[in-house]
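J.: My file is protein_20.cif. It has mmCIF, C-alpha atoms:
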data_run
loop_
_atom_site.group_PDB
_atom_site.id
_atom_site.type_symbol
_atom_site.label_atom_id
_atom_site.label_comp_id
_atom_site.auth_asym_id
_atom_site.auth_seq_id
_atom_site.Cartn_x
_atom_site.Cartn_y
_atom_site.Cartn_z
ATOM 1 C CA MET N 1 -34.383 25.423 -45.686
ATOM 2 C CA SER N 2 -34.408 25.804 -41.909
ATOM 3 C CA GLN N 3 -37.388 28.044 -41.174
ATOM 4 C CA LEU N 4 -37.620 30.130 -37.999
ATOM 5 C CA THR N 5 -41.294 30.821 -37.287
ATOM 6 C CA ILE N 6 -41.918 33.127 -34.342
ATOM 7 C CA SER N 7 -45.308 33.182 -32.619
ATOM 8 C CA ASN N 8 -47.095 34.820 -29.713
ATOM 9 C CA LEU N 9 -48.105 32.842 -26.638
ATOM 10 C CA THR N 10 -51.835 32.733 -25.912
ATOM 11 C CA HIS N 11 -52.708 30.275 -23.124
ATOM 12 C CA PHE N 12 -50.603 27.508 -21.632
ATOM 13 C CA ASP N 13 -53.484 25.065 -22.019
ATOM 14 C CA ASP N 14 -53.259 25.545 -25.791
ATOM 15 C CA ILE N 15 -49.661 24.323 -26.080
ATOM 16 C CA ARG N 16 -49.712 20.803 -24.719
ATOM 17 C CA ALA N 17 -47.136 18.338 -26.059
ATOM 18 C CA LYS N 18 -44.964 21.075 -27.591
ATOM 19 C CA THR N 19 -41.316 21.992 -27.357
ATOM 20 C CA ILE N 20 -40.907 25.739 -26.871
ATOM 21 C CA SER N 21 -37.846 27.947 -26.942
ATOM 22 C CA PHE N 22 -37.046 31.652 -26.997
ATOM 23 C CA ILE N 23 -35.009 33.595 -29.514
ATOM 24 C CA ASN N 24 -32.947 36.711 -28.896
ATOM 25 C CA PRO N 25 -30.049 38.138 -30.912
ATOM 26 C CA TYR N 26 -27.458 36.141 -28.974
ATOM 27 C CA SER N 27 -29.198 32.765 -29.177
ATOM 28 C CA PHE N 28 -30.037 33.434 -32.854
ATOM 29 C CA TYR N 29 -26.329 34.047 -33.505
ATOM 30 C CA LEU N 30 -25.299 30.795 -31.784
ATOM 31 C CA LEU N 31 -27.999 28.695 -33.410
ATOM 32 C CA LYS N 32 -27.273 30.077 -36.876
ATOM 33 C CA ARG N 33 -23.545 29.413 -36.514
ATOM 34 C CA ALA N 34 -24.332 25.820 -35.535
ATOM 35 C CA LYS N 35 -26.661 25.439 -38.551
ATOM 36 C CA PHE N 36 -29.439 24.474 -36.150
ATOM 37 C CA GLU N 37 -32.693 23.280 -37.716
ATOM 38 C CA PHE N 38 -35.140 25.786 -36.243
ATOM 39 C CA ASN N 39 -38.143 23.732 -37.266
ATOM 40 C CA SER N 40 -37.015 20.920 -34.942
ATOM 41 C CA ILE N 41 -38.546 23.024 -32.110
ATOM 42 C CA ASP N 42 -42.335 23.396 -32.234
ATOM 43 C CA LEU N 43 -42.709 27.017 -31.099
ATOM 44 C CA TRP N 44 -40.348 29.983 -30.903
ATOM 45 C CA HIS N 45 -41.099 33.190 -29.011
ATOM 46 C CA SER N 46 -39.274 36.500 -29.215
ATOM 47 C CA ASP N 47 -37.205 37.087 -26.075
ATOM 48 C CA GLY N 48 -36.613 40.818 -25.785
ATOM 49 C CA PHE N 49 -38.003 44.043 -27.182
ATOM 50 C CA LEU N 50 -35.328 44.444 -29.894
ATOM 51 C CA LEU N 51 -36.385 41.510 -32.057
ATOM 52 C CA CYS N 52 -40.024 42.409 -31.427
ATOM 53 C CA LEU N 53 -39.314 45.899 -32.734
ATOM 54 C CA ILE N 54 -37.634 44.544 -35.866
ATOM 55 C CA LEU N 55 -40.464 42.097 -36.509
ATOM 56 C CA LYS N 56 -43.056 44.843 -36.104
ATOM 57 C CA ILE N 57 -41.181 47.012 -38.623
ATOM 58 C CA PHE N 58 -41.724 44.176 -41.097
ATOM 59 C CA GLY N 59 -45.413 43.868 -40.237
ATOM 60 C CA MET N 60 -45.113 40.961 -37.799
ATOM 61 C CA PRO N 61 -46.858 41.898 -34.501
ATOM 62 C CA ALA N 62 -44.626 39.910 -32.151
ATOM 63 C CA THR N 63 -44.978 40.291 -28.387
ATOM 64 C CA ARG N 64 -42.052 39.864 -26.003
ATOM 65 C CA HIS N 65 -42.093 36.542 -24.158
ATOM 66 C CA SER N 66 -39.188 35.751 -21.842
ATOM 67 C CA PHE N 67 -38.886 32.969 -19.319
ATOM 68 C CA ASP N 68 -38.311 35.184 -16.287
ATOM 69 C CA TYR N 69 -40.365 37.037 -13.695
ATOM 70 C CA SER N 70 -40.721 40.083 -15.925
ATOM 71 C CA SER N 71 -42.748 37.962 -18.349
ATOM 72 C CA LEU N 72 -43.859 34.300 -18.323
ATOM 73 C CA ALA N 73 -42.459 32.721 -15.172
ATOM 74 C CA GLU N 74 -45.096 33.819 -12.650
ATOM 75 C CA PRO N 75 -48.181 32.859 -14.711
ATOM 76 C CA PHE N 76 -46.484 29.680 -15.910
ATOM 77 C CA PHE N 77 -45.702 28.358 -12.429
ATOM 78 C CA SER N 78 -49.140 29.415 -11.185
ATOM 79 C CA TRP N 79 -50.655 27.382 -14.020
ATOM 80 C CA CYS N 80 -48.447 24.402 -13.124
ATOM 81 C CA ALA N 81 -49.597 24.534 -9.493
ATOM 82 C CA ARG N 82 -53.253 25.019 -10.399
ATOM 83 C CA THR N 83 -53.259 22.065 -12.797
ATOM 84 C CA ASN N 84 -51.047 19.785 -10.650
ATOM 85 C CA LYS N 85 -48.345 19.352 -13.266
ATOM 86 C CA SER N 86 -45.271 17.247 -12.573
ATOM 87 C CA LEU N 87 -42.141 19.236 -13.404
ATOM 88 C CA ALA N 88 -38.550 18.228 -14.142
ATOM 89 C CA VAL N 89 -35.955 21.008 -14.140
ATOM 90 C CA VAL N 90 -32.418 20.651 -15.460
ATOM 91 C CA GLY N 91 -29.695 23.258 -15.777
ATOM 92 C CA SER N 92 -27.141 25.520 -14.127
ATOM 93 C CA ASP N 93 -24.784 24.439 -11.325
ATOM 94 C CA GLU N 94 -25.653 22.295 -8.319
ATOM 95 C CA GLU N 95 -26.037 25.181 -5.848
ATOM 96 C CA SER N 96 -28.336 27.104 -8.192
ATOM 97 C CA ILE N 97 -30.557 24.156 -9.087
ATOM 98 C CA VAL N 98 -31.035 23.143 -5.434
ATOM 99 C CA PHE N 99 -31.962 26.729 -4.568
ATOM 100 C CA PHE N 100 -34.319 26.864 -7.540
ATOM 101 C CA ALA N 101 -36.136 23.651 -6.618
ATOM 102 C CA ASN N 102 -36.718 24.949 -3.082
ATOM 103 C CA HIS N 103 -37.810 28.265 -4.523
ATOM 104 C CA LEU N 104 -40.477 26.533 -6.635
ATOM 105 C CA ARG N 105 -41.785 24.681 -3.601
ATOM 106 C CA ASN N 106 -41.841 27.735 -1.337
ATOM 107 C CA ARG N 107 -43.010 30.468 -3.714
ATOM 108 C CA HIS N 108 -45.236 28.486 -6.036
ATOM 109 C CA GLN N 109 -46.243 25.468 -3.935
ATOM 110 C CA LEU N 110 -44.912 23.101 -6.595
ATOM 111 C CA ASN N 111 -44.125 19.847 -4.824
ATOM 112 C CA ASP N 112 -43.896 17.380 -7.715
ATOM 113 C CA VAL N 113 -40.492 18.652 -8.862
ATOM 114 C CA THR N 114 -37.386 16.702 -9.818
ATOM 115 C CA PHE N 115 -34.167 18.484 -10.626
ATOM 116 C CA ARG N 116 -30.612 18.034 -11.836
ATOM 117 C CA ASN N 117 -27.714 20.350 -12.643
ATOM 118 C CA GLY N 118 -26.785 20.870 -16.283
ATOM 119 C CA TYR N 119 -23.298 19.368 -16.252
ATOM 120 C CA PHE N 120 -22.955 15.898 -17.789
ATOM 121 C CA THR N 121 -20.448 13.469 -19.155
ATOM 122 C CA ASP N 122 -21.631 11.875 -22.398
ATOM 123 C CA THR N 123 -22.610 8.709 -20.546
ATOM 124 C CA GLN N 124 -24.456 10.635 -17.831
ATOM 125 C CA TYR N 125 -26.336 12.619 -20.447
ATOM 126 C CA GLU N 126 -27.579 9.575 -22.345
ATOM 127 C CA GLU N 127 -28.631 7.870 -19.117
ATOM 128 C CA TYR N 128 -30.415 10.974 -17.834
ATOM 129 C CA VAL N 129 -32.350 11.563 -21.053
ATOM 130 C CA SER N 130 -33.470 7.923 -21.198
ATOM 131 C CA ASN N 131 -34.529 7.903 -17.530
ATOM 132 C CA LEU N 132 -36.316 11.235 -17.813
ATOM 133 C CA ALA N 133 -38.245 10.123 -20.885
ATOM 134 C CA ALA N 134 -39.266 6.946 -19.059
ATOM 135 C CA ALA N 135 -40.404 8.966 -16.009
ATOM 136 C CA ARG N 136 -42.819 10.906 -18.262
ATOM 137 C CA PRO N 137 -42.998 14.251 -16.408
ATOM 138 C CA ASP N 138 -45.745 16.564 -17.650
ATOM 139 C CA ILE N 139 -43.294 19.422 -18.153
ATOM 140 C CA VAL N 140 -39.532 19.673 -18.606
ATOM 141 C CA LEU N 141 -37.834 23.044 -18.038
ATOM 142 C CA VAL N 142 -34.257 23.287 -19.334
ATOM 143 C CA GLY N 143 -31.787 26.076 -18.598
ATOM 144 C CA MET N 144 -28.529 25.005 -20.224
ATOM 145 C CA GLY N 145 -27.946 27.799 -22.723
ATOM 146 C CA ALA N 146 -28.700 27.924 -26.441
ATOM 147 C CA LEU N 147 -28.031 24.726 -28.402
ATOM 148 C CA LYS N 148 -27.670 22.439 -25.376
ATOM 149 C CA GLN N 149 -31.133 23.147 -23.999
ATOM 150 C CA GLU N 150 -32.870 22.733 -27.349
ATOM 151 C CA LYS N 151 -30.902 19.544 -28.008
ATOM 152 C CA LEU N 152 -32.059 18.030 -24.720
ATOM 153 C CA LEU N 153 -35.724 18.615 -25.587
ATOM 154 C CA ILE N 154 -35.215 17.153 -29.065
ATOM 155 C CA ASP N 155 -33.424 14.117 -27.608
ATOM 156 C CA LEU N 156 -36.266 13.586 -25.127
ATOM 157 C CA ARG N 157 -38.722 13.555 -28.017
ATOM 158 C CA SER N 158 -36.616 10.951 -29.793
ATOM 159 C CA LYS N 159 -36.954 8.731 -26.687
ATOM 160 C CA GLY N 160 -40.752 8.897 -26.842
ATOM 161 C CA TRP N 161 -41.462 11.606 -24.264
ATOM 162 C CA SER N 162 -44.565 13.596 -25.247
ATOM 163 C CA GLY N 163 -44.887 16.274 -22.576
ATOM 164 C CA LEU N 164 -44.483 20.048 -22.681
ATOM 165 C CA GLY N 165 -40.918 21.331 -22.915
ATOM 166 C CA PHE N 166 -39.624 24.835 -22.214
ATOM 167 C CA THR N 167 -36.156 26.329 -22.343
ATOM 168 C CA CYS N 168 -35.306 29.054 -19.839
ATOM 169 C CA GLY N 169 -31.722 30.144 -20.556
ATOM 170 C CA GLY N 170 -30.046 31.652 -17.482
ATOM 171 C CA PHE N 171 -33.240 31.909 -15.444
ATOM 172 C CA ILE N 172 -32.185 29.282 -12.875
ATOM 173 C CA HIS N 173 -28.951 30.940 -11.761
ATOM 174 C CA GLN N 174 -30.463 34.425 -12.081
ATOM 175 C CA THR N 175 -33.184 33.406 -9.637
ATOM 176 C CA ARG N 176 -30.568 32.322 -7.100
ATOM 177 C CA ILE N 177 -28.521 35.512 -7.554
ATOM 178 C CA ASN N 178 -31.453 37.813 -6.796
ATOM 179 C CA LYS N 179 -33.417 35.403 -4.594
ATOM 180 C CA GLY N 180 -36.360 35.634 -6.983
ATOM 181 C CA ASN N 181 -36.994 38.484 -9.434
ATOM 182 C CA TYR N 182 -33.835 39.247 -11.423
ATOM 183 C CA TYR N 183 -34.774 42.636 -12.890
ATOM 184 C CA PRO N 184 -35.833 45.586 -10.714
ATOM 185 C CA PRO N 185 -39.296 46.907 -11.713
ATOM 186 C CA LEU N 186 -37.992 50.224 -13.102
ATOM 187 C CA ILE N 187 -35.357 48.468 -15.245
ATOM 188 C CA ASP N 188 -38.031 46.202 -16.649
ATOM 189 C CA LYS N 189 -40.458 49.058 -17.297
ATOM 190 C CA LEU N 190 -37.836 51.083 -19.208
ATOM 191 C CA ASN N 191 -36.683 48.063 -21.266
ATOM 192 C CA LEU N 192 -33.157 48.421 -19.850
ATOM 193 C CA ARG N 193 -32.717 44.733 -19.065
ATOM 194 C CA PHE N 194 -29.668 44.531 -21.361
ATOM 195 C CA ALA N 195 -27.930 47.395 -19.505
ATOM 196 C CA TYR N 196 -28.724 45.830 -16.138
ATOM 197 C CA ARG N 197 -27.257 42.514 -17.250
ATOM 198 C CA MET N 198 -24.062 44.199 -18.519
ATOM 199 C CA TRP N 199 -23.643 45.856 -15.122
ATOM 200 C CA HIS N 200 -24.656 42.775 -13.133
ATOM 201 C CA GLU N 201 -22.899 40.195 -15.366
ATOM 202 C CA PRO N 202 -19.877 41.812 -17.088
ATOM 203 C CA ALA N 203 -19.324 38.657 -19.152
ATOM 204 C CA THR N 204 -22.362 39.679 -21.219
ATOM 205 C CA ILE N 205 -20.806 42.982 -22.406
ATOM 206 C CA LYS N 206 -19.237 41.401 -25.510
ATOM 207 C CA ARG N 207 -22.560 39.752 -26.261
ATOM 208 C CA TYR N 208 -24.493 43.020 -26.308
ATOM 209 C CA LEU N 209 -21.921 45.314 -27.903
ATOM 210 C CA ILE N 210 -20.397 43.032 -30.562
ATOM 211 C CA ILE N 211 -22.504 39.930 -31.177
ATOM 212 C CA TYR N 212 -25.911 41.665 -31.075
ATOM 213 C CA PRO N 213 -25.210 44.010 -34.036
ATOM 214 C CA ILE N 214 -23.854 41.125 -36.145
ATOM 215 C CA SER N 215 -26.855 38.980 -35.266
ATOM 216 C CA ILE N 216 -29.402 41.710 -35.994
ATOM 217 C CA VAL N 217 -28.012 42.213 -39.511
ATOM 218 C CA SER N 218 -28.268 38.448 -40.092
ATOM 219 C CA PHE N 219 -31.795 38.373 -38.666
ATOM 220 C CA VAL N 220 -32.983 41.146 -40.995
ATOM 221 C CA LYS N 221 -31.399 39.405 -43.984
ATOM 222 C CA ASP N 222 -33.262 36.202 -43.080
ATOM 223 C CA ILE N 223 -36.548 38.106 -42.886
ATOM 224 C CA LEU N 224 -35.926 39.568 -46.341
ATOM 225 C CA VAL N 225 -35.249 36.165 -47.918
ATOM 226 C CA GLY N 226 -38.158 34.465 -46.161
ATOM 227 C CA LYS N 227 -36.230 32.388 -43.619
ATOM 228 C CA VAL N 228 -37.971 34.151 -40.707
ATOM 229 C CA SER N 229 -41.743 34.306 -40.529
ATOM 230 C CA PHE N 230 -44.437 35.003 -37.971
ATOM 231 C CA PHE N 231 -47.459 32.988 -36.939
ATOM 232 C CA SER N 232 -50.310 34.140 -34.747
ATOM 233 C CA ASP N 233 -53.483 32.195 -34.008
#
Could the structure of this file be written out as structure tokens, please?
T.:
Amino acid sequence: MSQLTISNLTHFDDIRAKTISFINPYSFYLLKRAKFEFNSIDLWHSDGFLLCLILKIFGMPATRHSFDYSSLAEPFFSWCARTNKSLAVVGSDEESIVFFANHLRNRHQLNDVTFRNGYFTDTQYEEYVSNLAAARPDIVLVGMGALKQEKLLIDLRSKGWSGLGFTCGGFIHQTRINKGNYYPPLIDKLNLRFAYRMWHEPATIKRYLIIYPISIVSFVKDILVGKVSFFSD
């Protein structure tokens, strides 16, 4: 049985050599439909207050962890700079990834950064994964959307890479759109990030109004039958 175990993040130093991804109703829906083996990723964190609320109702004290500037991004990049980590970033389109790499250098003083957009032919993908594994970066950050981003981290592991891997969803292109912080402070404080995204990115309306309710029902069912659990150290 594919087991989804959600945990809270403590300190970045405690999660070396792990693959880490983030679950929200939309990504849960996509991963479930694809029959993804959740236990092929080392750590899952709850991305968004809605799943946290559901988990807490069932006695699981999950904390929201998202890879954006309303949550993990600022402390994560500060940690990378402080500890001199080498970072490889892959995802989004060419314009967004170039902007993002410069953003990391200018805002966070991260100079050991390699980057590539997230569009590949099959041959390009295999070559990139092999070369990236051989380059042995300390950290790989992948923003290619659910399924593709997790697959890249798993494929890197299969090539012998043993660094720290994070997924970041749409964070790369969102950073370019807003030149940094995607969510205004008031929107973040009121937990209205979903409404802001529907207004800012109309393509997400179907996701929030149709897919989210379906996914939440499935998520609750999985909790009830023991396919979703919570771990806290």
J.: Would you please work out which residue, of N:Arg157, N:Arg207, N:His108, N:His65, is nearest to Pro25 of chain N when using only C-alpha atoms?
T.: N:Arg207
J.: Name the residues captured by the PyMOL selection byres ((chain N and resi 36-53) around 6) when it is applied to the shown file; answer as a PDB file with C-alpha atoms, in the frame of the given file.
T.:
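Written out: result.pdb:
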ATOM      1  CA  SER N   2     -34.408  25.804 -41.909  1.00  0.00           C
ATOM      2  CA  GLN N   3     -37.388  28.044 -41.174  1.00  0.00           C
ATOM      3  CA  LEU N   4     -37.620  30.130 -37.999  1.00  0.00           C
ATOM      4  CA  ILE N   6     -41.918  33.127 -34.342  1.00  0.00           C
ATOM      5  CA  SER N   7     -45.308  33.182 -32.619  1.00  0.00           C
ATOM      6  CA  LYS N  18     -44.964  21.075 -27.591  1.00  0.00           C
ATOM      7  CA  THR N  19     -41.316  21.992 -27.357  1.00  0.00           C
ATOM      8  CA  ILE N  20     -40.907  25.739 -26.871  1.00  0.00           C
ATOM      9  CA  SER N  21     -37.846  27.947 -26.942  1.00  0.00           C
ATOM     10  CA  PHE N  22     -37.046  31.652 -26.997  1.00  0.00           C
ATOM     11  CA  ILE N  23     -35.009  33.595 -29.514  1.00  0.00           C
ATOM     12  CA  ASN N  24     -32.947  36.711 -28.896  1.00  0.00           C
ATOM     13  CA  LEU N  31     -27.999  28.695 -33.410  1.00  0.00           C
ATOM     14  CA  ALA N  34     -24.332  25.820 -35.535  1.00  0.00           C
ATOM     15  CA  LYS N  35     -26.661  25.439 -38.551  1.00  0.00           C
ATOM     16  CA  ILE N  54     -37.634  44.544 -35.866  1.00  0.00           C
ATOM     17  CA  LEU N  55     -40.464  42.097 -36.509  1.00  0.00           C
ATOM     18  CA  LYS N  56     -43.056  44.843 -36.104  1.00  0.00           C
ATOM     19  CA  ALA N  62     -44.626  39.910 -32.151  1.00  0.00           C
ATOM     20  CA  ARG N  64     -42.052  39.864 -26.003  1.00  0.00           C
ATOM     21  CA  HIS N  65     -42.093  36.542 -24.158  1.00  0.00           C
ATOM     22  CA  SER N  66     -39.188  35.751 -21.842  1.00  0.00           C
TER      23      SER N  66
END
J.: Between atom CA of Val142 of chain N and atom CA of Val90 of chain N, what is the distance, to one decimal in Å?
T.: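 One can read the atom CA of Val142 of chain N to atom CA of Val90 of chain N distance as 5.0 Å.
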J.: Between atom CA of Met144 of chain N and atom CA of Ile172 of chain N, what is the distance, to one decimal in Å?
T.: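 Atom CA of Ile172 of chain N lies 9.3 Å from atom CA of Met144 of chain N.
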J.: Atom CA of Val129 of chain N to atom CA of Asn84 of chain N: how many Å, to one decimal?
T.: 22.9 Å
J.: Please provide as a list of chain:residue names all residues within 8 Å of segment 93-102 of chain N, with the sequence filter that same-chain residues fewer than 2 positions apart are discarded (counting all atoms listed in the file).
T.: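 Using all atoms listed in the file, the neighbours found are N:Val89, N:Val90, N:Gly91, N:Leu104, N:Arg105, N:Asn106, N:Val113, N:Thr114, N:Phe115, N:Arg116, N:Asn117, N:Gly118, N:Tyr119, N:Ile172, N:His173, N:Thr175, N:Arg176.
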J.: Determine the residue membership of the PyMOL selection byres ((chain N and resi 230) around 7) for the file above and supply it as a list in words.
T.: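 So the PyMOL selection byres ((chain N and resi 230) around 7) ends up selecting Thr5, Ile6, Ser7, Met60, Ser229, Phe231 and Ser232 of chain N.
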J.: Counting only C-alpha atoms, what is within 10 Å of His11 of chain N, bar same-chain residues fewer than 2 positions away, as a PyMOL selection string?
T.: chain N and resi 8-9+13-15+75-76+79
J.: Let me know the residues the PyMOL selection byres ((chain N and resi 215) around 7) catches in the file above, as a PyMOL selection string.
T.: chain N and resi 25-26+28-29+211-214+216-219
J.: With all atoms listed in the file as the atoms that count, which of N:Arg107, N:Thr63, N:Lys32, N:Phe58 lies nearest to Ala81 of chain N?
T.: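 The closest residue to Ala81 of chain N is N:Arg107.
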J.: Using all atoms listed in the file, can you tell me which of N:Thr123, N:Ala195, N:Tyr69, N:Ser27 comes closest to Gln149 of chain N?
T.: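 The answer is N:Ser27, which sits nearest to Gln149 of chain N.
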J.: Rank N:Asp112, N:Asp155, N:Asp138, N:Glu150 by their smallest atom-to-atom distance to Glu126 of chain N, using all atoms listed in the file, and report the top residue only.
T.: N:Asp155
J.: Counting all atoms listed in the file, which of N:Thr10, N:Gln174, N:Ser130, N:Ser86 gets nearest to Asn111 of chain N?
T.: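 The answer is N:Ser86, which sits nearest to Asn111 of chain N.
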J.: Taking all listed atoms of segment 48-66 of chain N, build the axis-aligned box, pad each of the six sides by 8 Å, then write its centre and edge lengths in Å to one decimal as JSON.
T.:
{"center_x": -41.1, "center_y": 41.4, "center_z": -31.5, "size_x": 27.5, "size_y": 27.3, "size_z": 35.3}
J.: Restricting the calculation to all atoms listed in the file, which member of N:Thr167, N:Ser158, N:Thr83, N:Asn178 is positioned closest to Gln109 of chain N?
T.: N:Thr83
J.: Take the point (-37.7, 2.4, -21.7) as written in the file and pick out every residue within 12 Å of it, counting only C-alpha atoms; give the list as a list in words.
T.: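 With a cut-off of 12 Å, the residues come to Glu127, Tyr128, Val129, Ser130, Asn131, Leu132, Ala133, Ala134, Ala135, Arg136, Leu156, Ser158, Lys159, Gly160 and Trp161 of chain N.
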J.: If I only have part of segment 83-91 of chain N, can you fill in all heavy atoms and write it as a PDB file, in the frame of the given file?
T.:
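And here's part01.pdb as it stands now:
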ATOM      1  N   THR N  83     -52.896  23.253 -12.023  1.00  0.00           N
ATOM      2  CA  THR N  83     -53.259  22.065 -12.797  1.00  0.00           C
ATOM      3  C   THR N  83     -52.497  20.813 -12.357  1.00  0.00           C
ATOM      4  O   THR N  83     -52.574  19.775 -13.014  1.00  0.00           O
ATOM      5  CB  THR N  83     -53.009  22.314 -14.301  1.00  0.00           C
ATOM      6  OG1 THR N  83     -51.658  22.740 -14.495  1.00  0.00           O
ATOM      7  CG2 THR N  83     -53.958  23.387 -14.820  1.00  0.00           C
ATOM      8  N   ASN N  84     -51.755  20.935 -11.239  1.00  0.00           N
ATOM      9  CA  ASN N  84     -51.047  19.785 -10.650  1.00  0.00           C
ATOM     10  C   ASN N  84     -50.092  19.105 -11.626  1.00  0.00           C
ATOM     11  O   ASN N  84     -50.069  17.871 -11.748  1.00  0.00           O
ATOM     12  CB  ASN N  84     -52.055  18.753 -10.118  1.00  0.00           C
ATOM     13  CG  ASN N  84     -52.908  19.313  -8.999  1.00  0.00           C
ATOM     14  OD1 ASN N  84     -52.388  19.915  -8.056  1.00  0.00           O
ATOM     15  ND2 ASN N  84     -54.212  19.134  -9.101  1.00  0.00           N
ATOM     16  N   LYS N  85     -49.299  19.905 -12.314  1.00  0.00           N
ATOM     17  CA  LYS N  85     -48.345  19.352 -13.266  1.00  0.00           C
ATOM     18  C   LYS N  85     -47.101  18.829 -12.547  1.00  0.00           C
ATOM     19  O   LYS N  85     -46.619  19.431 -11.584  1.00  0.00           O
ATOM     20  CB  LYS N  85     -47.906  20.411 -14.280  1.00  0.00           C
ATOM     21  CG  LYS N  85     -49.041  21.012 -15.102  1.00  0.00           C
ATOM     22  CD  LYS N  85     -49.708  19.989 -15.985  1.00  0.00           C
ATOM     23  CE  LYS N  85     -50.753  20.635 -16.883  1.00  0.00           C
ATOM     24  NZ  LYS N  85     -51.535  19.624 -17.636  1.00  0.00           N
ATOM     25  N   SER N  86     -46.584  17.709 -13.034  1.00  0.00           N
ATOM     26  CA  SER N  86     -45.271  17.247 -12.573  1.00  0.00           C
ATOM     27  C   SER N  86     -44.212  17.952 -13.413  1.00  0.00           C
ATOM     28  O   SER N  86     -44.370  18.140 -14.625  1.00  0.00           O
ATOM     29  CB  SER N  86     -45.145  15.735 -12.720  1.00  0.00           C
ATOM     30  OG  SER N  86     -45.354  15.326 -14.058  1.00  0.00           O
ATOM     31  N   LEU N  87     -43.130  18.375 -12.758  1.00  0.00           N
ATOM     32  CA  LEU N  87     -42.141  19.236 -13.404  1.00  0.00           C
ATOM     33  C   LEU N  87     -40.737  18.695 -13.163  1.00  0.00           C
ATOM     34  O   LEU N  87     -40.360  18.391 -12.033  1.00  0.00           O
ATOM     35  CB  LEU N  87     -42.258  20.654 -12.841  1.00  0.00           C
ATOM     36  CG  LEU N  87     -41.270  21.710 -13.318  1.00  0.00           C
ATOM     37  CD1 LEU N  87     -41.454  21.988 -14.798  1.00  0.00           C
ATOM     38  CD2 LEU N  87     -41.451  23.001 -12.515  1.00  0.00           C
ATOM     39  N   ALA N  88     -39.970  18.565 -14.233  1.00  0.00           N
ATOM     40  CA  ALA N  88     -38.550  18.228 -14.142  1.00  0.00           C
ATOM     41  C   ALA N  88     -37.756  19.444 -14.610  1.00  0.00           C
ATOM     42  O   ALA N  88     -38.057  20.021 -15.658  1.00  0.00           O
ATOM     43  CB  ALA N  88     -38.223  17.023 -15.012  1.00  0.00           C
ATOM     44  N   VAL N  89     -36.773  19.839 -13.818  1.00  0.00           N
ATOM     45  CA  VAL N  89     -35.955  21.008 -14.140  1.00  0.00           C
ATOM     46  C   VAL N  89     -34.505  20.568 -14.242  1.00  0.00           C
ATOM     47  O   VAL N  89     -33.991  19.867 -13.366  1.00  0.00           O
ATOM     48  CB  VAL N  89     -36.088  22.097 -13.062  1.00  0.00           C
ATOM     49  CG1 VAL N  89     -35.356  23.365 -13.505  1.00  0.00           C
ATOM     50  CG2 VAL N  89     -37.538  22.404 -12.757  1.00  0.00           C
ATOM     51  N   VAL N  90     -33.831  20.984 -15.301  1.00  0.00           N
ATOM     52  CA  VAL N  90     -32.418  20.651 -15.460  1.00  0.00           C
ATOM     53  C   VAL N  90     -31.670  21.880 -15.953  1.00  0.00           C
ATOM     54  O   VAL N  90     -32.139  22.601 -16.830  1.00  0.00           O
ATOM     55  CB  VAL N  90     -32.234  19.458 -16.425  1.00  0.00           C
ATOM     56  CG1 VAL N  90     -32.899  19.708 -17.770  1.00  0.00           C
ATOM     57  CG2 VAL N  90     -30.754  19.144 -16.626  1.00  0.00           C
ATOM     58  N   GLY N  91     -30.506  22.131 -15.338  1.00  0.00           N
ATOM     59  CA  GLY N  91     -29.695  23.258 -15.777  1.00  0.00           C
ATOM     60  C   GLY N  91     -28.896  23.877 -14.660  1.00  0.00           C
ATOM     61  O   GLY N  91     -29.085  23.568 -13.478  1.00  0.00           O
TER      62      GLY N  91
END
